[in-house]
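Structure data (compact mmCIF, C-alpha atoms) from coords_27.txt:
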# COMPACT_ATOMS: atom_id res chain seq x y z
CA SER A 1 -18.69 -8.34 -8.46
CA GLU A 2 -17.83 -11.82 -7.30
CA LEU A 3 -17.59 -14.43 -10.00
CA GLY A 4 -19.22 -17.74 -9.19
CA PRO A 5 -17.70 -21.15 -9.87
CA ASN A 6 -19.49 -21.44 -13.22
CA ALA A 7 -18.66 -17.93 -14.42
CA ARG A 8 -17.02 -17.46 -17.77
CA VAL A 9 -14.98 -14.40 -18.70
CA THR A 10 -14.46 -13.42 -22.31
CA ILE A 11 -11.92 -10.77 -23.18
CA ILE A 12 -12.07 -9.17 -26.60
CA ALA A 13 -9.44 -6.62 -27.57
CA TYR A 14 -10.25 -4.02 -30.22
CA ASP A 15 -7.82 -1.59 -31.82
CA SER A 16 -10.52 1.07 -31.79
CA MET A 17 -14.11 1.75 -30.77
CA GLN A 18 -14.97 1.88 -34.44
CA LYS A 19 -13.98 -1.78 -34.87
CA LEU A 20 -16.29 -2.77 -32.00
CA LEU A 21 -19.18 -0.82 -33.55
CA ASP A 22 -18.48 -2.25 -37.01
CA LEU A 23 -18.58 -5.80 -35.65
CA ARG A 24 -21.91 -5.24 -33.89
CA ARG A 25 -23.40 -3.82 -37.10
CA ALA A 26 -22.00 -6.72 -39.12
CA TYR A 27 -24.06 -9.21 -37.08
CA ALA A 28 -27.26 -7.41 -37.98
CA SER A 29 -26.49 -7.48 -41.69
CA ASP A 30 -25.03 -11.01 -41.90
CA PRO A 31 -27.69 -13.29 -43.45
CA ASN A 32 -26.08 -16.35 -41.80
CA PHE A 33 -25.89 -14.96 -38.28
CA TRP A 34 -29.58 -15.13 -37.28
CA PRO A 35 -30.29 -18.66 -38.57
CA ASN A 36 -27.08 -19.97 -37.00
CA ALA A 37 -27.74 -18.23 -33.68
CA GLN A 38 -31.34 -19.41 -33.21
CA GLU A 39 -30.53 -22.22 -30.77
CA TYR A 40 -28.82 -19.69 -28.53
CA LEU A 41 -31.20 -16.77 -29.08
CA LEU A 42 -34.52 -18.60 -28.93
CA GLN A 43 -34.21 -20.30 -25.55
CA GLU A 44 -37.33 -21.69 -23.90
CA LYS A 45 -38.92 -19.16 -21.53
CA GLY A 46 -37.48 -19.62 -18.05
CA LYS A 47 -34.44 -21.53 -19.36
CA PRO A 48 -32.01 -18.84 -20.55
CA ALA A 49 -28.62 -19.72 -21.99
CA TYR A 50 -27.00 -17.75 -19.15
CA ASP A 51 -27.89 -16.13 -15.82
CA ARG A 52 -26.61 -12.70 -16.80
CA VAL A 53 -24.14 -10.87 -18.99
CA GLU A 54 -21.99 -8.21 -17.41
CA SER A 55 -20.01 -6.04 -19.80
CA MET A 56 -17.24 -3.57 -19.22
CA LEU A 57 -15.52 -1.22 -21.62
CA LEU A 58 -11.91 -0.78 -20.58
CA GLU A 59 -9.21 1.45 -21.97
CA SER A 60 -5.78 -0.12 -21.67
CA LEU A 61 -3.32 1.63 -19.41
CA SER A 62 -0.42 3.36 -21.13
CA GLY A 63 2.02 1.28 -19.05
CA MET A 64 0.80 -1.83 -20.93
CA PRO A 65 -1.16 -0.75 -23.99
CA LYS A 66 -1.53 -4.21 -25.55
CA LEU A 67 -3.03 -7.39 -24.15
CA LYS A 68 -0.45 -10.15 -23.55
CA VAL A 69 -1.63 -13.67 -24.27
CA PRO A 70 0.07 -15.92 -21.71
CA ASP A 71 2.50 -18.55 -22.94
CA SER A 72 0.79 -21.91 -22.60
CA SER A 73 3.68 -24.11 -23.74
CA GLY A 74 4.40 -26.66 -21.06
CA ALA A 75 1.74 -25.31 -18.71
CA LYS A 76 -0.21 -28.10 -17.03
CA GLN A 77 -2.48 -25.72 -15.23
CA ARG A 78 -2.70 -21.97 -14.76
CA LEU A 79 -4.49 -19.78 -12.29
CA PHE A 80 -6.07 -16.60 -13.63
CA GLU A 81 -6.74 -13.80 -11.16
CA LEU A 82 -9.19 -11.10 -12.24
CA ARG A 83 -8.90 -8.11 -9.92
CA THR A 84 -10.87 -4.89 -9.74
CA TYR A 85 -9.56 -1.84 -7.93
CA LYS A 86 -12.49 0.39 -6.99
CA SER A 87 -11.86 4.02 -6.11
CA GLU A 88 -14.00 6.21 -3.88
CA ASN A 89 -14.03 9.10 -6.39
CA GLU A 90 -12.72 10.12 -9.80
CA ILE A 91 -9.55 11.78 -8.48
CA GLN A 92 -8.56 8.66 -6.54
CA GLY A 93 -9.25 6.60 -9.66
CA LEU A 94 -7.02 8.81 -11.81
CA LEU A 95 -4.27 8.74 -9.18
CA LYS A 96 -4.40 4.93 -8.99
CA VAL A 97 -4.13 4.65 -12.78
CA LYS A 98 -1.18 7.07 -12.66
CA MET A 99 0.44 4.98 -9.93
CA PHE A 100 0.07 1.81 -12.00
CA ASN A 101 1.44 3.48 -15.14
CA GLU A 102 4.40 5.08 -13.36
CA GLY A 103 5.55 2.22 -11.16
CA GLU A 104 3.16 -0.51 -10.16
CA ILE A 105 3.11 -2.26 -13.55
CA SER A 106 6.91 -2.51 -13.71
CA LEU A 107 7.02 -3.66 -10.08
CA PHE A 108 4.42 -6.35 -10.82
CA ASP A 109 6.74 -7.64 -13.57
CA LYS A 110 9.75 -7.61 -11.23
CA VAL A 111 8.05 -9.70 -8.56
CA GLY A 112 6.43 -12.23 -10.88
CA LEU A 113 2.89 -10.85 -11.08
CA ARG A 114 2.38 -11.45 -14.81
CA ALA A 115 -0.43 -9.44 -16.37
CA VAL A 116 -2.62 -10.26 -19.32
CA PHE A 117 -4.01 -6.70 -19.30
CA TYR A 118 -4.61 -3.59 -17.22
CA GLY A 119 -7.62 -1.45 -18.04
CA GLU A 120 -9.32 1.66 -16.75
CA ALA A 121 -13.08 1.18 -16.85
CA LEU A 122 -14.91 3.70 -19.01
CA ILE A 123 -18.23 1.86 -18.78
CA ALA A 124 -18.82 -0.66 -15.98
CA PRO A 125 -20.69 -1.15 -12.75
CA ASN A 126 -19.24 0.65 -9.75
CA LEU A 127 -17.22 3.40 -11.42
CA PRO A 128 -14.54 4.60 -10.97
CA GLN A 129 -12.51 1.45 -11.19
CA MET A 130 -9.71 -0.30 -13.00
CA THR A 131 -9.55 -4.00 -13.74
CA TYR A 132 -6.63 -6.24 -14.51
CA LEU A 133 -5.98 -9.91 -15.14
CA LEU A 134 -2.95 -11.75 -13.80
CA VAL A 135 -1.82 -15.27 -14.62
CA HIS A 136 0.08 -17.59 -12.28
CA GLU A 137 1.49 -21.10 -12.60
CA ASP A 138 -0.50 -22.17 -9.55
CA GLU A 139 -1.75 -20.97 -6.16
CA ALA A 140 1.68 -21.28 -4.53
CA ALA A 141 3.23 -19.04 -7.21
CA GLN A 142 0.37 -16.56 -6.76
CA GLN A 143 0.89 -16.35 -2.99
CA LYS A 144 4.67 -16.04 -3.34
CA ALA A 145 4.42 -13.23 -5.91
CA TRP A 146 1.94 -11.25 -3.80
CA LYS A 147 4.07 -11.63 -0.66
CA THR A 148 7.14 -10.49 -2.59
CA PHE A 149 5.17 -7.49 -3.88
CA ILE A 150 3.81 -6.45 -0.46
CA ASP A 151 7.26 -6.75 1.14
CA HIS A 152 9.13 -5.04 -1.70
CA PRO A 153 10.78 -1.70 -0.80
CA GLU A 154 9.62 -0.19 -4.11
CA TRP A 155 6.00 -0.91 -3.15
CA LYS A 156 6.48 0.66 0.27
CA SER A 157 7.93 3.77 -1.39
CA LEU A 158 5.35 3.91 -4.18
CA SER A 159 2.35 3.42 -1.90
CA SER A 160 3.46 6.22 0.42
CA ASP A 161 4.46 8.66 -2.35
CA GLU A 162 2.51 11.90 -1.82
CA GLN A 163 1.94 12.45 -5.55
CA TYR A 164 -0.52 9.53 -5.51
CA GLN A 165 -2.45 10.79 -2.47
CA ILE A 166 -5.35 13.21 -2.40
CA ILE A 167 -4.14 16.31 -0.60
CA SER A 168 -6.80 18.27 1.31
CA LEU A 169 -6.89 22.00 0.59
Before anything else, please render the file you have as structure tokens.
Amino acid sequence: SELGPNARVTIIAYDSMQKLLDLRRAYASDPNFWPNAQEYLLQEKGKPAYDRVESMLLESLSGMPKLKVPDSSGAKQRLFELRTYKSENEIQGLLKVKMFNEGEISLFDKVGLRAVFYGEALIAPNLPQMTYLLVHEDEAAQQKAWKTFIDHPEWKSLSSDEQYQIISL
């Protein structure tokens, strides 16, 4: 979905599903949580704290199994680009993930498309899909990196490789 100008994205990385579940249960049993969260939780009717919450559960791709926090030293401004690749069916989704793991991730690095994460959506709207977050110095760097990627011979070869295409029987 399109993010509006006031949208906020929060990324939380867990080592396991169990850690996510444990954290959720910890809120319920923490005697300080509910009193400290009242201002947020008990909003006046018709004046919610947010318009909506959209959650996704992503499994990191094997080509980049850990989230990379971008280096902020010396950065005046950065441009974050959240992208979702939607597939028409499960096989196309699996093939796209395979293509990223086996070549696209390393090509992104070569051409200056710096990733924070790549994830295959397990739970999300509009499945199947994968989502990734890129970081750029600015819009000019973003445009240059994408042009370099599109024009790169490795991309031309990778995108036409039959192993990543659905073959009709």
Residues near region 23-39 of chain A, anyone? I mean within 12 Å using all atoms listed in the file, not counting same-chain ones fewer than 3 positions away, as a tab-separated table (two decimals) with C-alpha atoms, in the coordinates of the input.
chain	number	residue	atom	x	y	z
A	12	ILE	CA	-12.07	-9.17	-26.60
A	14	TYR	CA	-10.25	-4.02	-30.22
A	16	SER	CA	-10.52	1.07	-31.79
A	17	MET	CA	-14.11	1.75	-30.77
A	18	GLN	CA	-14.97	1.88	-34.44
A	19	LYS	CA	-13.98	-1.78	-34.87
A	20	LEU	CA	-16.29	-2.77	-32.00
A	42	LEU	CA	-34.52	-18.60	-28.93
A	43	GLN	CA	-34.21	-20.30	-25.55
A	44	GLU	CA	-37.33	-21.69	-23.90
A	48	PRO	CA	-32.01	-18.84	-20.55
A	49	ALA	CA	-28.62	-19.72	-21.99
Sorted per-residue table, region 3-68 of chain A near region 117-130 of chain A, closest atoms and distance, 10 Å, only C-alpha atoms, as a Markdown table:
| residue | atom | partner | partner_atom | distance |
| --- | --- | --- | --- | --- |
| A:Ile11 | CA | A:Phe117 | CA | 9.7 |
| A:Ala13 | CA | A:Phe117 | CA | 9.9 |
| A:Glu54 | CA | A:Ala124 | CA | 8.3 |
| A:Ser55 | CA | A:Ala124 | CA | 6.7 |
| A:Met56 | CA | A:Ala124 | CA | 4.6 |
| A:Leu57 | CA | A:Ile123 | CA | 5.0 |
| A:Leu58 | CA | A:Ala121 | CA | 4.4 |
| A:Glu59 | CA | A:Gly119 | CA | 5.1 |
| A:Ser60 | CA | A:Gly119 | CA | 4.3 |
| A:Leu61 | CA | A:Gly119 | CA | 5.5 |
| A:Ser62 | CA | A:Tyr118 | CA | 9.0 |
| A:Gly63 | CA | A:Tyr118 | CA | 8.4 |
| A:Met64 | CA | A:Tyr118 | CA | 6.8 |
| A:Pro65 | CA | A:Phe117 | CA | 8.1 |
| A:Lys66 | CA | A:Phe117 | CA | 7.2 |
| A:Leu67 | CA | A:Phe117 | CA | 5.0 |
| A:Lys68 | CA | A:Phe117 | CA | 6.5 |
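Checking A:Gln77, A:Thr84, A:Thr131, A:Ser159 one by one against Leu107 (chain A), counting all atoms listed in the file, you find the shortest gap at A:Ser159.
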Response to the item:
Separating CA of Ile91 (chain A) from CA of Trp146 (chain A), to the nearest tenth of an Å, is a gap of 26.2 Å
How big is the axis-aligned box, and where does its centre sit, when it encloses all atoms of region 70-74 of chain A listed in the file and has 4 Å added on every side, reported in Å to one decimal as AutoDock Vina command-line options?
--center_x 2.2 --center_y -21.3 --center_z -22.4 --size_x 12.3 --size_y 18.7 --size_z 10.7
Worksheet item: So which residues touch Ser106 (chain A) within 12 Å, counting only C-alpha atoms, skipping near sequence neighbours fewer than 4 positions away, as a ChimeraX atom specification?
Response: /A:62-64,99-102,110-115,149,154-155,158
Practice prompt. Skip Leu79 (chain A) itself and residues of its chain fewer than 5 positions away, then list as a list in words all residues within 9 Å of it, counting all atoms listed in the file.
Written response: Leu134, Val135, His136, Glu137, Asp138, Glu139 and Gln142 of chain A
For the selection just defined, write its residues with C-alpha atoms to a file, as a short mmCIF file (atom, residue, chain, number, x, y, z; two decimals), in the coordinates of the input.
data_model
loop_
_atom_site.label_atom_id
_atom_site.label_comp_id
_atom_site.auth_asym_id
_atom_site.auth_seq_id
_atom_site.Cartn_x
_atom_site.Cartn_y
_atom_site.Cartn_z
CA LEU A 134 -2.95 -11.75 -13.80
CA VAL A 135 -1.82 -15.27 -14.62
CA HIS A 136 0.08 -17.59 -12.28
CA GLU A 137 1.49 -21.10 -12.60
CA ASP A 138 -0.50 -22.17 -9.55
CA GLU A 139 -1.75 -20.97 -6.16
CA GLN A 142 0.37 -16.56 -6.76
#
Item to complete: Kindly give the distance, in Å, that separates CA of Pro70 (chain A) and CA of Gln143 (chain A), rounded to a single decimal.
Response: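 Separation of CA of Pro70 (chain A) and CA of Gln143 (chain A): 18.7 Å.
If you measure from each of A:Asp151, A:Thr10, A:Lys144, A:Tyr164 to Val97 (chain A) using only C-alpha atoms, the closest one turns out to be A:Tyr164.
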